[in-house]
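Asker: Next comes the structure file work_31.txt, holding compact mmCIF, C-alpha atoms.
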```
# COMPACT_ATOMS: atom_id res chain seq x y z
CA MET A 11 65.79 2.52 -36.37
CA PRO A 12 69.11 0.94 -37.42
CA ILE A 13 69.23 -1.20 -40.55
CA PRO A 14 71.92 -3.93 -40.71
CA GLU A 15 74.41 -3.53 -43.52
CA ASP A 16 73.43 -6.83 -45.09
CA VAL A 17 69.87 -5.57 -45.74
CA THR A 18 69.62 -4.04 -49.22
CA GLY A 19 65.87 -3.91 -49.76
CA GLU A 20 66.18 -6.25 -52.73
CA GLU A 21 65.05 -9.12 -50.50
CA ILE A 22 61.39 -8.11 -50.67
CA ASP A 23 58.82 -9.81 -52.87
CA LYS A 24 58.81 -8.64 -56.47
CA ASP A 25 55.15 -7.58 -56.25
CA VAL A 26 55.95 -5.34 -53.28
CA ARG A 27 58.97 -3.95 -55.11
CA GLN A 28 56.69 -3.10 -58.01
CA GLU A 29 54.33 -1.25 -55.67
CA LEU A 30 57.24 0.80 -54.36
CA GLN A 31 58.15 1.96 -57.87
CA SER A 32 55.59 4.72 -57.45
CA LEU A 33 57.96 6.30 -54.89
CA PRO A 34 61.18 8.26 -55.50
CA LYS A 35 64.10 5.83 -55.78
CA THR A 36 65.83 6.69 -52.49
CA LEU A 37 62.55 6.67 -50.59
CA ALA A 38 61.57 3.34 -52.12
CA GLU A 39 64.88 1.84 -50.99
CA ASP A 40 64.38 3.08 -47.43
CA VAL A 41 60.86 1.71 -47.28
CA ALA A 42 61.98 -1.62 -48.74
CA LYS A 43 64.70 -2.01 -46.12
CA ASN A 44 62.25 -1.38 -43.30
CA LEU A 45 59.82 -3.90 -44.78
CA VAL A 46 62.62 -6.46 -44.94
CA MET A 47 63.25 -5.88 -41.24
CA VAL A 48 59.56 -6.36 -40.45
CA ALA A 49 59.56 -9.71 -42.25
CA ARG A 50 62.84 -10.75 -40.65
CA LEU A 51 61.82 -9.97 -37.06
CA ILE A 52 58.07 -10.48 -36.87
CA ASP A 53 58.34 -14.05 -35.52
CA GLU A 54 61.32 -13.62 -33.20
CA ASP A 55 60.97 -10.01 -32.00
CA SER A 56 57.51 -8.70 -32.80
CA GLU A 57 58.00 -5.41 -30.94
CA ALA A 58 61.07 -4.58 -33.04
CA ALA A 59 59.19 -5.56 -36.19
CA TYR A 60 56.40 -3.25 -35.13
CA GLY A 61 58.89 -0.41 -34.76
CA TYR A 62 60.22 -0.90 -38.30
CA SER A 63 56.67 -1.08 -39.63
CA ARG A 64 55.91 2.32 -38.10
CA VAL A 65 58.93 3.79 -39.85
CA ALA A 66 57.77 2.36 -43.18
CA LEU A 67 54.27 3.67 -42.50
CA ARG A 68 55.55 7.20 -41.89
CA LEU A 69 57.49 7.06 -45.14
CA ALA A 70 54.84 5.55 -47.42
CA SER A 71 51.37 5.31 -45.92
CA ARG A 72 49.73 5.29 -49.34
CA VAL A 73 51.34 2.01 -50.37
CA ALA A 74 49.08 -1.01 -49.74
CA ALA A 75 51.98 -3.36 -48.99
CA VAL A 76 53.17 -0.98 -46.27
CA ARG A 77 49.72 -0.82 -44.67
CA GLU A 78 49.50 -4.62 -44.79
CA ALA A 79 52.93 -5.04 -43.19
CA ALA A 80 52.00 -2.53 -40.51
CA GLY A 81 48.83 -4.50 -39.89
CA PHE A 82 50.64 -7.80 -39.42
CA ALA A 83 53.22 -6.20 -37.14
CA ALA A 84 50.47 -4.70 -34.99
CA TYR A 85 48.62 -8.03 -35.01
CA ALA A 86 51.77 -9.83 -33.83
CA THR A 87 51.99 -7.47 -30.85
CA GLN A 88 48.27 -7.90 -30.09
CA LYS A 89 47.40 -4.33 -31.06
CA TYR A 90 44.23 -5.60 -32.66
CA GLY A 91 42.43 -2.29 -33.16
CA GLU A 92 45.43 -0.82 -34.92
CA ALA A 93 45.94 -3.97 -36.97
CA LEU A 94 42.32 -3.98 -38.09
CA ALA A 95 42.56 -0.35 -39.20
CA GLU A 96 45.66 -1.09 -41.27
CA PHE A 97 44.15 -4.20 -42.84
CA ARG A 98 41.02 -2.26 -43.77
CA ALA A 99 43.15 0.44 -45.35
CA ALA A 100 45.11 -2.14 -47.37
CA ARG A 101 41.89 -3.78 -48.52
CA ARG A 102 40.44 -0.46 -49.65
CA MET A 103 43.57 0.15 -51.71
CA THR A 104 43.70 -3.27 -53.37
CA GLY A 105 40.09 -4.43 -53.39
CA ASN A 106 41.13 -8.03 -52.65
CA VAL A 107 39.79 -10.23 -49.85
CA GLU A 108 42.96 -12.05 -48.78
CA LEU A 109 43.02 -10.26 -45.42
CA TRP A 110 39.42 -11.14 -44.53
CA PRO A 111 40.28 -14.01 -42.11
CA VAL A 112 42.90 -12.06 -40.17
CA MET A 113 40.54 -9.09 -40.01
CA ALA A 114 37.94 -11.39 -38.47
CA ASP A 115 40.53 -12.65 -35.99
CA CYS A 116 41.24 -9.05 -35.01
CA GLU A 117 37.55 -8.77 -34.13
CA ARG A 118 38.04 -11.76 -31.85
CA GLY A 119 41.07 -10.07 -30.30
CA LEU A 120 38.93 -7.00 -29.63
CA GLY A 121 36.40 -9.13 -27.77
CA ARG A 122 33.85 -9.20 -30.59
CA PRO A 123 33.51 -12.90 -31.54
CA GLU A 124 29.99 -12.35 -32.85
CA LYS A 125 31.39 -9.91 -35.41
CA ALA A 126 33.98 -12.51 -36.44
CA LEU A 127 31.18 -15.03 -36.98
CA ASP A 128 29.25 -12.52 -39.08
CA MET A 129 32.37 -12.13 -41.23
CA ALA A 130 32.67 -15.92 -41.52
CA GLY A 131 29.26 -15.99 -43.18
CA ALA A 132 29.88 -13.04 -45.49
CA PRO A 133 30.07 -13.32 -49.31
CA GLU A 134 33.76 -12.39 -49.18
CA VAL A 135 34.58 -15.86 -47.84
CA GLN A 136 33.52 -17.45 -51.13
CA LYS A 137 36.15 -15.36 -52.91
CA LEU A 138 38.99 -16.70 -50.77
CA ASP A 139 41.32 -19.40 -52.06
CA LYS A 140 41.43 -22.76 -50.28
CA ALA A 141 44.04 -21.64 -47.76
CA GLY A 142 42.00 -18.56 -46.96
CA GLN A 143 38.83 -20.57 -46.47
CA VAL A 144 40.59 -22.94 -44.09
CA GLU A 145 41.94 -19.94 -42.18
CA MET A 146 38.44 -18.51 -41.98
CA ARG A 147 37.18 -21.83 -40.63
CA LEU A 148 39.85 -21.74 -37.91
CA VAL A 149 38.86 -18.20 -36.94
CA ALA A 150 35.17 -19.10 -36.87
CA ALA A 151 35.85 -22.11 -34.65
CA GLY A 152 37.85 -19.92 -32.32
CA ALA A 153 34.98 -17.45 -32.16
CA ARG A 154 32.59 -20.27 -31.28
CA ARG A 155 34.89 -21.26 -28.43
CA ASP A 156 35.07 -17.64 -27.29
CA ILE A 157 31.33 -17.67 -26.64
CA GLY A 158 31.35 -21.12 -25.06
CA GLN A 159 29.97 -23.09 -28.02
CA LEU A 160 32.43 -26.00 -27.90
CA ASP A 161 30.30 -28.46 -29.85
CA ALA A 162 29.69 -25.87 -32.57
CA ALA A 163 33.44 -25.19 -32.73
CA ILE A 164 34.10 -28.89 -33.29
CA VAL A 165 31.48 -29.08 -36.04
CA THR A 166 32.89 -25.94 -37.67
CA LEU A 167 36.29 -27.61 -38.04
CA GLN A 168 34.88 -30.80 -39.53
CA SER A 169 35.52 -30.45 -43.25
CA PRO A 170 36.96 -32.22 -46.30
CA GLU A 171 40.28 -30.52 -45.54
CA LEU A 172 40.33 -32.04 -42.06
CA ALA A 173 39.41 -35.50 -43.33
CA SER A 174 41.95 -35.45 -46.17
CA ASN A 175 45.08 -37.57 -45.85
CA SER A 176 47.11 -35.19 -48.00
CA VAL A 177 49.32 -32.74 -46.13
CA GLN A 178 48.89 -29.10 -47.05
CA PRO A 179 50.41 -25.98 -45.42
CA TRP A 180 47.34 -25.64 -43.22
CA THR A 181 46.91 -29.31 -42.28
CA ALA A 182 48.87 -29.33 -39.01
CA ARG A 183 47.13 -26.24 -37.66
CA LEU A 184 43.70 -27.50 -38.65
CA ARG A 185 44.24 -30.88 -37.01
CA TYR A 186 45.72 -29.20 -33.94
CA ALA A 187 42.73 -26.87 -33.57
CA TYR A 188 40.37 -29.82 -33.88
CA ALA A 189 42.29 -31.81 -31.27
CA ASP A 190 42.34 -28.86 -28.90
CA ALA A 191 38.58 -28.32 -29.29
CA LEU A 192 37.95 -32.02 -28.63
CA LEU A 193 40.07 -31.88 -25.50
CA ALA A 194 38.25 -28.78 -24.26
CA ALA A 195 34.99 -30.69 -24.73
CA GLY A 196 36.32 -33.56 -22.60
CA ARG A 197 36.77 -35.99 -25.51
CA GLU A 198 40.30 -36.96 -24.53
CA ASN A 199 40.71 -40.15 -26.55
CA GLU A 200 39.67 -38.44 -29.77
CA ALA A 201 41.85 -35.46 -28.91
CA ARG A 202 44.87 -37.72 -28.52
CA GLU A 203 44.22 -39.25 -31.94
CA TRP A 204 44.07 -35.84 -33.61
CA PHE A 205 47.10 -34.45 -31.79
CA ALA A 206 48.97 -37.48 -33.16
CA LYS A 207 47.71 -36.69 -36.66
CA ALA A 208 48.79 -33.08 -36.19
CA VAL A 209 52.29 -34.27 -35.27
CA GLU A 210 52.43 -36.30 -38.49
CA ALA A 211 51.60 -33.22 -40.56
CA ASP A 212 53.69 -30.70 -38.60
CA ARG A 213 56.88 -30.89 -40.62
CA ASP A 214 58.19 -27.46 -39.65
CA GLY A 215 57.22 -27.40 -35.97
CA SER A 216 54.53 -24.76 -36.37
CA THR A 217 52.55 -26.17 -33.43
CA ASP A 218 53.36 -27.76 -30.09
CA ALA A 219 51.32 -30.83 -30.97
CA SER A 220 54.09 -33.21 -29.92
CA ASP A 221 54.21 -31.63 -26.45
CA ARG A 222 50.44 -31.78 -26.11
CA LEU A 223 50.48 -35.45 -27.14
CA ALA A 224 53.19 -36.25 -24.63
CA GLU A 225 51.20 -34.46 -21.93
CA LEU A 226 48.16 -36.58 -22.68
CA ASP A 227 50.32 -39.69 -22.50
CA GLY A 228 51.66 -38.64 -19.10
CA VAL A 229 55.21 -38.15 -20.33
CA GLU A 230 57.41 -35.60 -18.62
CA PHE A 231 60.70 -34.67 -20.30
CA THR A 232 63.55 -33.82 -17.95
CA ASP A 233 66.82 -32.00 -18.55
CA ALA A 234 69.95 -34.05 -19.12
CA PHE A 235 71.43 -32.45 -15.99
CA ASP A 236 69.67 -31.66 -12.77
CA GLU A 237 70.01 -28.41 -10.84
CA THR A 238 73.28 -29.50 -9.24
CA GLY A 239 74.86 -30.23 -12.60
CA ASP A 240 75.03 -33.99 -12.00
CA GLU A 241 73.98 -36.37 -14.72
CA PRO A 242 70.84 -38.42 -14.11
CA GLY A 243 71.81 -41.61 -12.32
CA ASP A 244 74.98 -40.10 -10.79
CA GLU A 245 75.50 -41.42 -7.29
CA ASN A 246 75.86 -37.89 -5.96
CA GLY A 247 72.41 -36.73 -6.90
CA GLY A 248 71.09 -37.99 -10.22
CA GLY A 249 67.62 -39.23 -11.04
CA ASN A 250 66.43 -42.40 -12.74
CA ALA A 251 65.22 -41.03 -16.09
CA ASP A 252 66.82 -42.25 -19.27
CA GLU A 253 67.67 -39.96 -22.18
CA HIS A 254 64.10 -39.95 -23.39
CA GLY A 255 62.66 -38.67 -20.12
CA GLU A 256 60.58 -40.40 -17.50
CA GLU A 257 56.95 -41.40 -17.51
CA LYS A 258 54.60 -40.65 -14.70
CA ASP A 259 50.87 -40.31 -14.23
CA GLU A 260 49.65 -36.74 -14.02
CA ASP A 261 46.37 -34.87 -14.36
CA ASP A 262 45.77 -33.00 -17.15
CA LYS A 263 45.24 -24.51 -24.55
CA SER A 264 47.21 -23.61 -26.89
```
Show me the file's structure as structure tokens.
Answerer:
Amino acid sequence: MPIPEDVTGEEIDKDVRQELQSLPKTLAEDVAKNLVMVARLIDEDSEAAYGYSRVALRLASRVAAVREAAGFAAYATQKYGEALAEFRAARRMTGNVELWPVMADCERGLGRPEKALDMAGAPEVQKLDKAGQVEMRLVAAGARRDIGQLDAAIVTLQSPELASNSVQPWTARLRYAYADALLAAGRENEAREWFAKAVEADRDGSTDASDRLAELDGVEFTDAFDETGDEPGDENGGGNADEHGEEKDEDDKS
């Protein structure tokens, strides 16, 4: 697959670069460039990222960082069986537990929520850092919802991290998941409160909490121009909404 000229391979994390030092220099450079492309594309074009990960895998399948990258690329394209195999391989090579939550989520993707819940109660969870434990809690709550245990999902998410007023990298997603579970359980007022809290913590737009909040408030945002190209309010065909959109009552997953 083509590599843009601006990609040198030096962009990768220093720990990954150190792993690649076990390879011949030219091979290490090729693998590094493909890993850079995986990281660059995984959010915007997951299929392309997956393609680059397969190239890296063919070149250096015995490098843990390559197996991990291949796992995340497969996960992003919902190839959960393949992702799980790659994550397991990476874990065997490194012996660390960082991938435990995403491995459990792969079990969910494969239709095995009970297995994900077993993993949530495994000793490995105690070895995770705080971010990893929060991620495991999110996966476990999702697994509870998969099997129809909405109340248990809500309880699973209730934690010191959820109650804390400090904003951490996981805060928006945790609050969002809690709000979504409350809404699924029919607790709309509480859900609205927690979607609002998720908006407060979502500084990089990692969730659509603001849209969900607007939906609960009955707000519908309209385009600045209608289908005919006329501005709202134009005598030849505009509407009555102002620049912030119009409100209307409407019936209500992320």
Asker: Out of A:Val41, A:Gln159, A:Pro123, A:Leu33, which residue has the shortest atom-to-atom distance to Glu20 (chain A) when counting only C-alpha atoms?
Answerer: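 For Glu20 (chain A), the nearest of the given residues is A:Val41.
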Asker: Which residues, written as a ChimeraX atom specification, have at least one atom at most 6 Å from region 79-89 of chain A, with only C-alpha atoms counted and residues fewer than 4 positions away on the same chain left out?
Answerer: /A:56,60,63,93,96-97
Asker: Which of these residues is nearest to Ala74 (chain A), using all atoms listed in the file: A:Met113, A:Ala59, A:Leu167, A:Leu30?
Answerer: A:Leu30
Asker: So, counting all atoms listed in the file, which residue among A:Ala99, A:Val144, A:Ala182, A:Cys116 is closest to Gln168 (chain A)?
Answerer: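 That would be A:Val144, the residue with the smallest distance to Gln168 (chain A).
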Asker: Restricting the calculation to all atoms listed in the file: of A:Val17, A:Ala42, A:Ala208, A:Ile22, which residue gets closest to Trp180 (chain A)?
Answerer: A:Ala208
Asker: From the set A:Asp25, A:Asp218, A:Val76, A:Leu223, which residue has the shortest atom-to-atom contact distance to Phe205 (chain A), counting all atoms listed in the file?
Answerer: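 Closest residue, counting all atoms listed in the file: A:Leu223.
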Asker: Which residue, A:Leu94, A:Ile13, A:Ala162, A:Val177, has the smallest gap to Leu192 (chain A) when you use only C-alpha atoms?
Answerer: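 Going through A:Leu94, A:Ile13, A:Ala162, A:Val177 one by one, the smallest distance to Leu192 (chain A) is for A:Ala162.
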Asker: Any idea what the distance is between CA of Ala211 (chain A) and CA of Val112 (chain A)?
Answerer: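 Interatomic distance, CA of Ala211 (chain A) to CA of Val112 (chain A): 22.9 Å.
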Asker: Would you mind putting back all heavy atoms on region 159-170 of chain A, then writing it out as a PDB file, in the coordinates of the input?
Answerer:
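Here's the written file result17.pdb:
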```
ATOM      1  N   GLN A 159      30.655 -22.101 -27.179  1.00  0.00           N
ATOM      2  CA  GLN A 159      29.970 -23.090 -28.020  1.00  0.00           C
ATOM      3  C   GLN A 159      30.975 -24.143 -28.500  1.00  0.00           C
ATOM      4  O   GLN A 159      31.366 -24.183 -29.664  1.00  0.00           O
ATOM      5  CB  GLN A 159      29.290 -22.395 -29.203  1.00  0.00           C
ATOM      6  CG  GLN A 159      28.210 -21.419 -28.793  1.00  0.00           C
ATOM      7  CD  GLN A 159      27.561 -20.720 -29.987  1.00  0.00           C
ATOM      8  OE1 GLN A 159      27.992 -20.871 -31.124  1.00  0.00           O
ATOM      9  NE2 GLN A 159      26.525 -19.948 -29.718  1.00  0.00           N
ATOM     10  N   LEU A 160      31.396 -25.011 -27.591  1.00  0.00           N
ATOM     11  CA  LEU A 160      32.430 -26.000 -27.900  1.00  0.00           C
ATOM     12  C   LEU A 160      31.994 -26.987 -28.980  1.00  0.00           C
ATOM     13  O   LEU A 160      32.764 -27.285 -29.904  1.00  0.00           O
ATOM     14  CB  LEU A 160      32.831 -26.754 -26.642  1.00  0.00           C
ATOM     15  CG  LEU A 160      33.770 -26.022 -25.683  1.00  0.00           C
ATOM     16  CD1 LEU A 160      33.975 -26.856 -24.429  1.00  0.00           C
ATOM     17  CD2 LEU A 160      35.099 -25.736 -26.355  1.00  0.00           C
ATOM     18  N   ASP A 161      30.768 -27.493 -28.862  1.00  0.00           N
ATOM     19  CA  ASP A 161      30.300 -28.460 -29.850  1.00  0.00           C
ATOM     20  C   ASP A 161      30.229 -27.820 -31.233  1.00  0.00           C
ATOM     21  O   ASP A 161      30.574 -28.444 -32.242  1.00  0.00           O
ATOM     22  CB  ASP A 161      28.935 -29.030 -29.449  1.00  0.00           C
ATOM     23  CG  ASP A 161      29.022 -29.949 -28.236  1.00  0.00           C
ATOM     24  OD1 ASP A 161      30.138 -30.437 -27.947  1.00  0.00           O
ATOM     25  OD2 ASP A 161      27.992 -30.172 -27.584  1.00  0.00           O
ATOM     26  N   ALA A 162      29.780 -26.580 -31.285  1.00  0.00           N
ATOM     27  CA  ALA A 162      29.690 -25.870 -32.570  1.00  0.00           C
ATOM     28  C   ALA A 162      31.085 -25.633 -33.143  1.00  0.00           C
ATOM     29  O   ALA A 162      31.282 -25.695 -34.360  1.00  0.00           O
ATOM     30  CB  ALA A 162      28.952 -24.541 -32.397  1.00  0.00           C
ATOM     31  N   ALA A 163      32.060 -25.373 -32.277  1.00  0.00           N
ATOM     32  CA  ALA A 163      33.440 -25.190 -32.730  1.00  0.00           C
ATOM     33  C   ALA A 163      33.960 -26.468 -33.376  1.00  0.00           C
ATOM     34  O   ALA A 163      34.622 -26.437 -34.428  1.00  0.00           O
ATOM     35  CB  ALA A 163      34.326 -24.779 -31.561  1.00  0.00           C
ATOM     36  N   ILE A 164      33.666 -27.596 -32.750  1.00  0.00           N
ATOM     37  CA  ILE A 164      34.100 -28.890 -33.290  1.00  0.00           C
ATOM     38  C   ILE A 164      33.482 -29.140 -34.656  1.00  0.00           C
ATOM     39  O   ILE A 164      34.162 -29.532 -35.618  1.00  0.00           O
ATOM     40  CB  ILE A 164      33.747 -30.021 -32.306  1.00  0.00           C
ATOM     41  CG1 ILE A 164      34.610 -29.912 -31.044  1.00  0.00           C
ATOM     42  CG2 ILE A 164      33.914 -31.391 -32.955  1.00  0.00           C
ATOM     43  CD1 ILE A 164      34.170 -30.809 -29.913  1.00  0.00           C
ATOM     44  N   VAL A 165      32.180 -28.885 -34.768  1.00  0.00           N
ATOM     45  CA  VAL A 165      31.480 -29.080 -36.040  1.00  0.00           C
ATOM     46  C   VAL A 165      32.042 -28.137 -37.106  1.00  0.00           C
ATOM     47  O   VAL A 165      32.203 -28.519 -38.272  1.00  0.00           O
ATOM     48  CB  VAL A 165      29.965 -28.868 -35.863  1.00  0.00           C
ATOM     49  CG1 VAL A 165      29.264 -28.859 -37.211  1.00  0.00           C
ATOM     50  CG2 VAL A 165      29.377 -29.953 -34.966  1.00  0.00           C
ATOM     51  N   THR A 166      32.357 -26.916 -36.727  1.00  0.00           N
ATOM     52  CA  THR A 166      32.890 -25.940 -37.670  1.00  0.00           C
ATOM     53  C   THR A 166      34.189 -26.430 -38.308  1.00  0.00           C
ATOM     54  O   THR A 166      34.451 -26.192 -39.489  1.00  0.00           O
ATOM     55  CB  THR A 166      33.147 -24.591 -36.961  1.00  0.00           C
ATOM     56  OG1 THR A 166      31.899 -24.073 -36.483  1.00  0.00           O
ATOM     57  CG2 THR A 166      33.773 -23.574 -37.898  1.00  0.00           C
ATOM     58  N   LEU A 167      35.003 -27.142 -37.539  1.00  0.00           N
ATOM     59  CA  LEU A 167      36.290 -27.610 -38.040  1.00  0.00           C
ATOM     60  C   LEU A 167      36.184 -28.883 -38.867  1.00  0.00           C
ATOM     61  O   LEU A 167      37.122 -29.222 -39.603  1.00  0.00           O
ATOM     62  CB  LEU A 167      37.245 -27.837 -36.860  1.00  0.00           C
ATOM     63  CG  LEU A 167      37.675 -26.567 -36.117  1.00  0.00           C
ATOM     64  CD1 LEU A 167      38.378 -26.927 -34.817  1.00  0.00           C
ATOM     65  CD2 LEU A 167      38.566 -25.707 -36.992  1.00  0.00           C
ATOM     66  N   GLN A 168      35.071 -29.588 -38.755  1.00  0.00           N
ATOM     67  CA  GLN A 168      34.880 -30.800 -39.530  1.00  0.00           C
ATOM     68  C   GLN A 168      34.650 -30.437 -40.994  1.00  0.00           C
ATOM     69  O   GLN A 168      33.699 -29.734 -41.329  1.00  0.00           O
ATOM     70  CB  GLN A 168      33.704 -31.616 -38.972  1.00  0.00           C
ATOM     71  CG  GLN A 168      33.988 -32.175 -37.590  1.00  0.00           C
ATOM     72  CD  GLN A 168      32.765 -32.779 -36.915  1.00  0.00           C
ATOM     73  OE1 GLN A 168      31.629 -32.554 -37.354  1.00  0.00           O
ATOM     74  NE2 GLN A 168      32.974 -33.524 -35.850  1.00  0.00           N
ATOM     75  N   SER A 169      35.532 -30.890 -41.863  1.00  0.00           N
ATOM     76  CA  SER A 169      35.520 -30.450 -43.250  1.00  0.00           C
ATOM     77  C   SER A 169      36.300 -31.437 -44.111  1.00  0.00           C
ATOM     78  O   SER A 169      37.035 -32.281 -43.590  1.00  0.00           O
ATOM     79  CB  SER A 169      36.170 -29.069 -43.355  1.00  0.00           C
ATOM     80  OG  SER A 169      37.518 -29.136 -42.912  1.00  0.00           O
ATOM     81  N   PRO A 170      36.159 -31.351 -45.421  1.00  0.00           N
ATOM     82  CA  PRO A 170      36.960 -32.220 -46.300  1.00  0.00           C
ATOM     83  C   PRO A 170      38.457 -32.024 -46.080  1.00  0.00           C
ATOM     84  O   PRO A 170      39.233 -32.985 -46.177  1.00  0.00           O
ATOM     85  CB  PRO A 170      36.531 -31.780 -47.699  1.00  0.00           C
ATOM     86  CG  PRO A 170      35.145 -31.239 -47.526  1.00  0.00           C
ATOM     87  CD  PRO A 170      35.165 -30.571 -46.183  1.00  0.00           C
TER      88      PRO A 170
END
```
